[in-house]
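Report on the structure given below.
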Amino acid sequence: MTTLTKAVEPTLRSLAGAEVDALVQQFPARPRPATWPATMATRAEVIARLQRPPLSLAGGQTARMAGARTLLQWLETFPGDTWQERWQASPATGPVDTWVDQIQRWGESHGRKPNATTMSAGLLALVSADLFRPDWSWTIARPSKYLRPSIQMSRDPAGFARVEAVVPPGLLATRYGSEGLKVIAEFLVVHGGLVQDITVGDFLARLQATESRRTHAVRLAYGWLTSLGQFPSDAPPTLRNITIRAGQASSASLVDRYEVRCSPIRDLLVDYIEERRAAVDYNTLKGVSAMLVKNFWADLERHHPGIDSLHLPAEVSAAWKKRIATKTVRRRQPDGRSIEVTEPRHNVTSIKSVVRAFYLDIAQWALEEPERWGVWATPSPIREAECSSKKNELRQKVESDQRTRERLPVLPTLVRVAYRRLKEARARLGAVNSAPLGSTFSVLGESFTVPASTTRADGRPTRVRDEEGRFRFFAAEERNAFFAWASIEILRHTGVRLEELLEIGHHSIISYKLPTTGEVVPLLQIAPSKTDQERLLLVTPELADVLSAVVARVRGRDGRVPAIPFYDSHEREWNPPQPLLFQYQSGYEQRRMKFNFIRRALNDTLADSGLTDNSGNPLKFHPHDFRRIFITDAILNGLPPHIAQVIAGHGSINTTMGYAAIYPAQAIEAHRAFIARRRALRPADEYRTVTPEEWEEFLGHFERRKLALGDCGRAYGTTCAHEHACVRCPVLIVHESERPRLIEIRDNLMARIAEAERESWLGEVEGLQVSLAAADEKISHLDTREQHRKAPIFLGVPTFSQAAGRNVTPSTA
């Protein structure tokens with residue numbers, strides 16, 4: 001392993017992950033030299049330097065010099081040829097109270113009375129002079145607000161000026177900006193040199209040197225230096241969560257995590273996994289290794305110690321199949337106890353298929369490379385019939401259809417709740433932003449108290465207290481509500497997978513001009529995911545509104561969507577920066593939404609909706625449920641299945657039909673047979689050619705649908721079922737322009753009801769009240785449509801042509 005400082009090595013060894021190990025080896029920290037010119041200077045030379053610019057100060061110089069002289073004389077009492085050696089030999093690297101007390105006792109014995117303030121000023125002066133270089137543990141444990149200004153002025157003012165030039169002005173004046181610059185100053189304290197000498201390895205050492213999770217300032221500083229182009233192109237794009245990113249494990253690591261005892265079999269499994277790696281994605285490879293090693297061979301070794309051959313006796317194979325059919329899991333009981341229960345294993349067919357493929361692959365490869373695989377070729381203990389997944393697929397189909405049929409009718413309710421939660425969250429956020437500090441305000445029937453002070457640069461509070469004394473973070477609530485609404489809308493209008501949703505970027509929104517008519521058609525490009533197939537979706541007006549709202553939210557001050565790197569949790573690798581739409585700002589750092597964020601936001605919306613399933617339990621939605629609902633709804637509304645297959649990005653139409661929760665094939669065929677029999681029995685003249693009179697009658701139907709209040713929606717060939725009482729009729733389609741007429745009718749009904757009550761015409765009152773209720777309902781319907789069209793969520797949102805990431809104009813050649 002790369003040589004690191006003594007303080008860093010224990011923490012590095014405690015971290016697992018191939019990515020971290022590879023990064024430490026690829027980007028080692030700068031070695032800390034034993035000597036350098038400043039540490040070999042005499043005391044008189046050091047004193048002289050401290051009295052000259054840039055180490056001298058206009059204010060506080062007396063205290064600095066007094067403390068520096070005392071510290072230098074005290075350090076000279078310890079062995080060493082340089083100030084660095086004396087520093088390491090002194091108790092100064094220990095607890096603060098210990099060495100400060102020792103200096104004070106030493107000073108008193110020499111007729112001096114040093115105090116802590118003077119000692120701190122003198123210590124800062126000596127550190128700024130690069131007299132000695134403390135390690136990371138000492139530097140991190142002793143924060144000082146004067147460290148960064150002193151190091152910046154005395155060591156590398158030009159380097160700090162370059163860094164400040166890439167820091168956003170709003171961030172530079174905040175605590176986050178100050179802490180990020182302080183981290184850069186700490187690199188100069190520990191490693192020496194200038195800002196331009198800081199390396200990626202220095203940052204890795206800094207991350208590993210502390211057990212604290214407060215690494216935000218380190219990540220900010222790394223991003224600033226990355227923006228300056230200081231690091232090589234293969235450096236990590238960000239240090240966020242670098243310690244928990246394991247990267248792609250090697251084939252040996254995938255096998256060794258299950259502790260295979262037989263070495264030859266272990267080597268065979270490693271070779272097999274490595275051979276399969278090139279043909280499948282990493283997530284699939286990891287699943288194959290788990291089934292083959294954990295569920296198959298490790299299980300055989302555990303129940304048949306000493307086994308060393310792939311040629312399994314019949315009784316061993318039968319016993320394994322019986323064990324693998326079930327699994328033991330822990331379930332929490334209503335009383336809170338957790339017990340172990342045995343239940344059927346749903347993926348038993350998949351495990352058998354992987355094991356059978358393992359045997360068949362070796363047999364095939366033995367013909368191609370007999371010297372490598374021939375010795376392991378043996379009959380498979382699993383027959384082809386045992387790998388049939390038809391029963392499991394039917395069970396999954398039934399469960400999937402039941403979920404879809406249960407959730408499709410309540411989808412409009414979920415959409416309304418998501419929209420309502422967003423409006424309420426924005427109302428709360430607007431109220432707290434307009435409330436003075438230290439005040440109490442009310443919004444949506446709730447009262448909140450604003451803190452008297454805040455640490456934000458804009459002077460607004462980050463949290464408030466509710467009536468029960470709990471803290472509420474309205475900015476975070478509004479963000480969660482917005483992306484919950486956006487996720488639900490995009491998922492239900494596109495049917496994309498969750499992974500595809502989070503990878504939608506600004507460049508995915510395409511404005512395409514048709515070559516024939518010149519009409520602009522909005523398209524949404526879906527990046528390859530599960531099937532490695534890219535596809536384009538037509539953007540509906542509703543989807544265009546949602547995409548425009550998301551673009552308007554994530555755009556920066558320069559009008560562009562920030563390009564951010566993101567980690568692919570399936571392939572375990574970093575992707576280059578992209579202008580993703582599902583990103584948010586966390587402490588002046590742009591982050592991509594994670595899978596769990598979308599799931600939690602969806603669960604919060606469901607909890608607020610109060611929806612329940614058939615058993616009365618709270619209804620649960622998974623992001624993939626929207627995909628099934630989208631396909632089912634599209635096919636039920638007449639979209640051909642092969643077109644739905646292309647839109648969904650399925651490799652087979654059978655997969656698409658498996659998603660569609662429609663009636664069984666037997667019901668469809670029976671209905672078709674019934675129609676055929678009915679046509680055979682009905683008079684033949686019903687299937688004759690339409691006469692001109694009949695066609696005129698058909699067209700006249702649509703003319704007769706026009707009413708004073710709008711249009712009649714009754715079907716062709718039917719008579720009015722409400723005796724032309726149009727106000728009461730549910731199929732009346734009221735036009736917005738007829739609102740005044742409808743209001744006049746409502747007012748007239750109210751007057752007639754008052755007259756009927758006065759004259760005791762109770763029968764008349766009852767009939768008029770039915771008409772009045774129908775009129776009120778239609779007016780309310782018009783109001784709802786108007787409010788939705790003028791909803792505040794769409795104010796300031798750019799049009800689709802403005803939100804499109806790029807325009808595509810076909811060639812006329």
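By convention here, the chains of the structure tokens are called A, B, ... in the order presented, each chain's residues are numbered starting at 1, and ligands are numbered starting at 1 in the order presented.
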
Inset, instruction - Could you pull out the residues in region 217-355 of chain A that DSSP calls strand (DSSP E) from the backbone, as a ChimeraX atom specification? - result: /A:326-332,338-344

Just-selected residues, N, CA, C and O atoms written as a PDB file, in the first residue's frame:
ATOM      1  N   THR A 326     -36.795 -23.428   0.128  1.00  0.00           N
ATOM      2  CA  THR A 326     -37.310 -22.576   1.196  1.00  0.00           C
ATOM      3  C   THR A 326     -36.183 -21.718   1.750  1.00  0.00           C
ATOM      4  O   THR A 326     -35.001 -21.964   1.489  1.00  0.00           O
ATOM      5  N   LYS A 327     -36.550 -20.729   2.529  1.00  0.00           N
ATOM      6  CA  LYS A 327     -35.573 -19.873   3.191  1.00  0.00           C
ATOM      7  C   LYS A 327     -36.112 -19.464   4.555  1.00  0.00           C
ATOM      8  O   LYS A 327     -37.327 -19.425   4.778  1.00  0.00           O
ATOM      9  N   THR A 328     -35.187 -19.139   5.445  1.00  0.00           N
ATOM     10  CA  THR A 328     -35.543 -18.723   6.798  1.00  0.00           C
ATOM     11  C   THR A 328     -35.316 -17.228   6.941  1.00  0.00           C
ATOM     12  O   THR A 328     -34.221 -16.735   6.659  1.00  0.00           O
ATOM     13  N   VAL A 329     -36.347 -16.535   7.353  1.00  0.00           N
ATOM     14  CA  VAL A 329     -36.271 -15.085   7.516  1.00  0.00           C
ATOM     15  C   VAL A 329     -36.818 -14.720   8.891  1.00  0.00           C
ATOM     16  O   VAL A 329     -37.530 -15.509   9.532  1.00  0.00           O
ATOM     17  N   ARG A 330     -36.484 -13.529   9.342  1.00  0.00           N
ATOM     18  CA  ARG A 330     -36.983 -13.022  10.618  1.00  0.00           C
ATOM     19  C   ARG A 330     -38.155 -12.075  10.359  1.00  0.00           C
ATOM     20  O   ARG A 330     -38.062 -11.184   9.511  1.00  0.00           O
ATOM     21  N   ARG A 331     -39.243 -12.292  11.080  1.00  0.00           N
ATOM     22  CA  ARG A 331     -40.431 -11.474  10.934  1.00  0.00           C
ATOM     23  C   ARG A 331     -40.798 -10.874  12.300  1.00  0.00           C
ATOM     24  O   ARG A 331     -40.762 -11.568  13.321  1.00  0.00           O
ATOM     25  N   ARG A 332     -41.129  -9.593  12.285  1.00  0.00           N
ATOM     26  CA  ARG A 332     -41.536  -8.933  13.522  1.00  0.00           C
ATOM     27  C   ARG A 332     -43.025  -9.204  13.768  1.00  0.00           C
ATOM     28  O   ARG A 332     -43.855  -9.015  12.887  1.00  0.00           O
ATOM     29  N   SER A 338     -39.349 -10.579  17.457  1.00  0.00           N
ATOM     30  CA  SER A 338     -38.867 -10.979  16.133  1.00  0.00           C
ATOM     31  C   SER A 338     -38.566 -12.467  16.160  1.00  0.00           C
ATOM     32  O   SER A 338     -37.765 -12.925  16.987  1.00  0.00           O
ATOM     33  N   ILE A 339     -39.218 -13.232  15.298  1.00  0.00           N
ATOM     34  CA  ILE A 339     -39.029 -14.680  15.273  1.00  0.00           C
ATOM     35  C   ILE A 339     -38.611 -15.119  13.874  1.00  0.00           C
ATOM     36  O   ILE A 339     -38.809 -14.403  12.887  1.00  0.00           O
ATOM     37  N   GLU A 340     -38.027 -16.307  13.803  1.00  0.00           N
ATOM     38  CA  GLU A 340     -37.612 -16.875  12.522  1.00  0.00           C
ATOM     39  C   GLU A 340     -38.737 -17.735  11.962  1.00  0.00           C
ATOM     40  O   GLU A 340     -39.320 -18.554  12.672  1.00  0.00           O
ATOM     41  N   VAL A 341     -39.023 -17.533  10.685  1.00  0.00           N
ATOM     42  CA  VAL A 341     -40.057 -18.311  10.011  1.00  0.00           C
ATOM     43  C   VAL A 341     -39.486 -18.836   8.701  1.00  0.00           C
ATOM     44  O   VAL A 341     -38.579 -18.248   8.108  1.00  0.00           O
ATOM     45  N   THR A 342     -40.010 -19.957   8.262  1.00  0.00           N
ATOM     46  CA  THR A 342     -39.612 -20.567   6.994  1.00  0.00           C
ATOM     47  C   THR A 342     -40.691 -20.315   5.960  1.00  0.00           C
ATOM     48  O   THR A 342     -41.873 -20.558   6.213  1.00  0.00           O
ATOM     49  N   GLU A 343     -40.266 -19.824   4.804  1.00  0.00           N
ATOM     50  CA  GLU A 343     -41.227 -19.512   3.746  1.00  0.00           C
ATOM     51  C   GLU A 343     -40.646 -19.930   2.410  1.00  0.00           C
ATOM     52  O   GLU A 343     -39.419 -20.088   2.260  1.00  0.00           O
ATOM     53  N   PRO A 344     -41.491 -20.140   1.394  1.00  0.00           N
ATOM     54  CA  PRO A 344     -40.982 -20.551   0.077  1.00  0.00           C
ATOM     55  C   PRO A 344     -40.068 -19.484  -0.529  1.00  0.00           C
ATOM     56  O   PRO A 344     -40.253 -18.291  -0.334  1.00  0.00           O
TER      57      PRO A 344
END

Inset, instruction - Tell me, as an NGL selection string, which residues lie within 7 Å of region 763-773 of chain A, counting only C-alpha atoms; anything in the same chain fewer than 4 positions away does not count. - result: :A and (727-728 or 746 or 749 or 753 or 756-757 or 777)

Just the selected residues (C-alpha atoms), exported as a CSV table (one decimal), in the first residue's frame, please.
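Listed below is the output, result_6.csv:
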chain,number,residue,atom,x,y,z
A,727,VAL,CA,-78.8,21.8,-16.2
A,728,ARG,CA,-79.3,18.5,-14.4
A,746,ARG,CA,-78.4,29.5,-10.7
A,749,LEU,CA,-83.3,28.9,-9.3
A,753,ILE,CA,-86.8,28.2,-4.4
A,756,ALA,CA,-91.7,28.1,-3.5
A,757,GLU,CA,-90.8,28.0,0.2
A,777,GLU,CA,-71.6,21.5,-9.4

Inset, instruction - Mind giving me the straight-line distance from CA of Pro379 (chain A) to CA of Thr349 (chain A) in Å, one decimal? - result: 18.8 Å

Inset, instruction - Name the residues in contact with region 554-567 of chain A at a cut-off of 9 Å, using only C-alpha atoms, excluding same-chain residues fewer than 3 positions from it; report them as a PyMOL selection string. - result: chain A and resi 237-238+245+505-506+549-551+570-585+590-592

Inset, instruction - Might you pull out every residue within 7 Å of Ile733 (chain A), with only C-alpha atoms counted and same-chain residues fewer than 6 positions away left off, and present them as a list in words? - result: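 So, after excluding close chain neighbours, the residues are Gly710, Asp711, Cys712 and Gly713 of chain A.
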
Legend entry - Neighbour list for region 117-121 of chain A as a list in words, cut-off 9 Å, only C-alpha atoms, skip fewer than 4 positions in-chain: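 Residues meeting the cut-off are Gly60, Gln61, Ala63, Arg64, Met65, Ala66, Gly67, Ala68, Thr70, Leu71, Val100, Ile103, Ala125 and Leu126 of chain A.
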
Legend entry - Shortest interatomic distance to Arg266 (chain A) - which of A:Leu254, A:Val348, A:Val398, A:Val464, counting only C-alpha atoms: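 Selected residue with least distance to Arg266 (chain A): A:Leu254.
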
Inset, instruction - Could you tell me, as a PyMOL selection string, which residues of region 301-522 of chain A DSSP assigns to helix (DSSP H, G or I) when given the backbone? - result: chain A and resi 301-303+314-324+348-368+370-376+384-387+390-407+411-434+474-494+498-502+506-508

Legend entry - Pick from A:Arg43, A:Ala481, A:Ala527, A:Lys778, whichever lies nearest to Pro730 (chain A) using only C-alpha atoms: A:Lys778

Legend entry - Computed interatomic separation between CA of Ala425 (chain A) and CA of Phe474 (chain A) (Å): 6.9 Å

Legend entry - Test item: residues at most 9 Å from region 604-610 of chain A, only C-alpha atoms, excluding those fewer than 6 positions along its chain, as a ChimeraX atom specification: /A:413-414,416-418,421,481,484-485,618-621

Residues of region 131-191 of chain A that have any atom at most 12 Å from an atom of region 33-37 of chain A: could you tabulate them with the shortest-distance atom pair and the distance in Å to one decimal, using only C-alpha atoms, ordered by chain and increasing number, as a tab-separated table?
residue	atom	partner	partner_atom	distance
A:Leu131	CA	A:Pro37	CA	8.9
A:Phe132	CA	A:Thr35	CA	9.3
A:Arg133	CA	A:Pro33	CA	9.8
A:Val190	CA	A:Pro33	CA	10.8
A:His191	CA	A:Pro33	CA	8.6

Inset, instruction - Quick one: pull the distance between CA of Met291 (chain A) and CA of His624 (chain A), Å, one decimal. - result: 24.6 Å
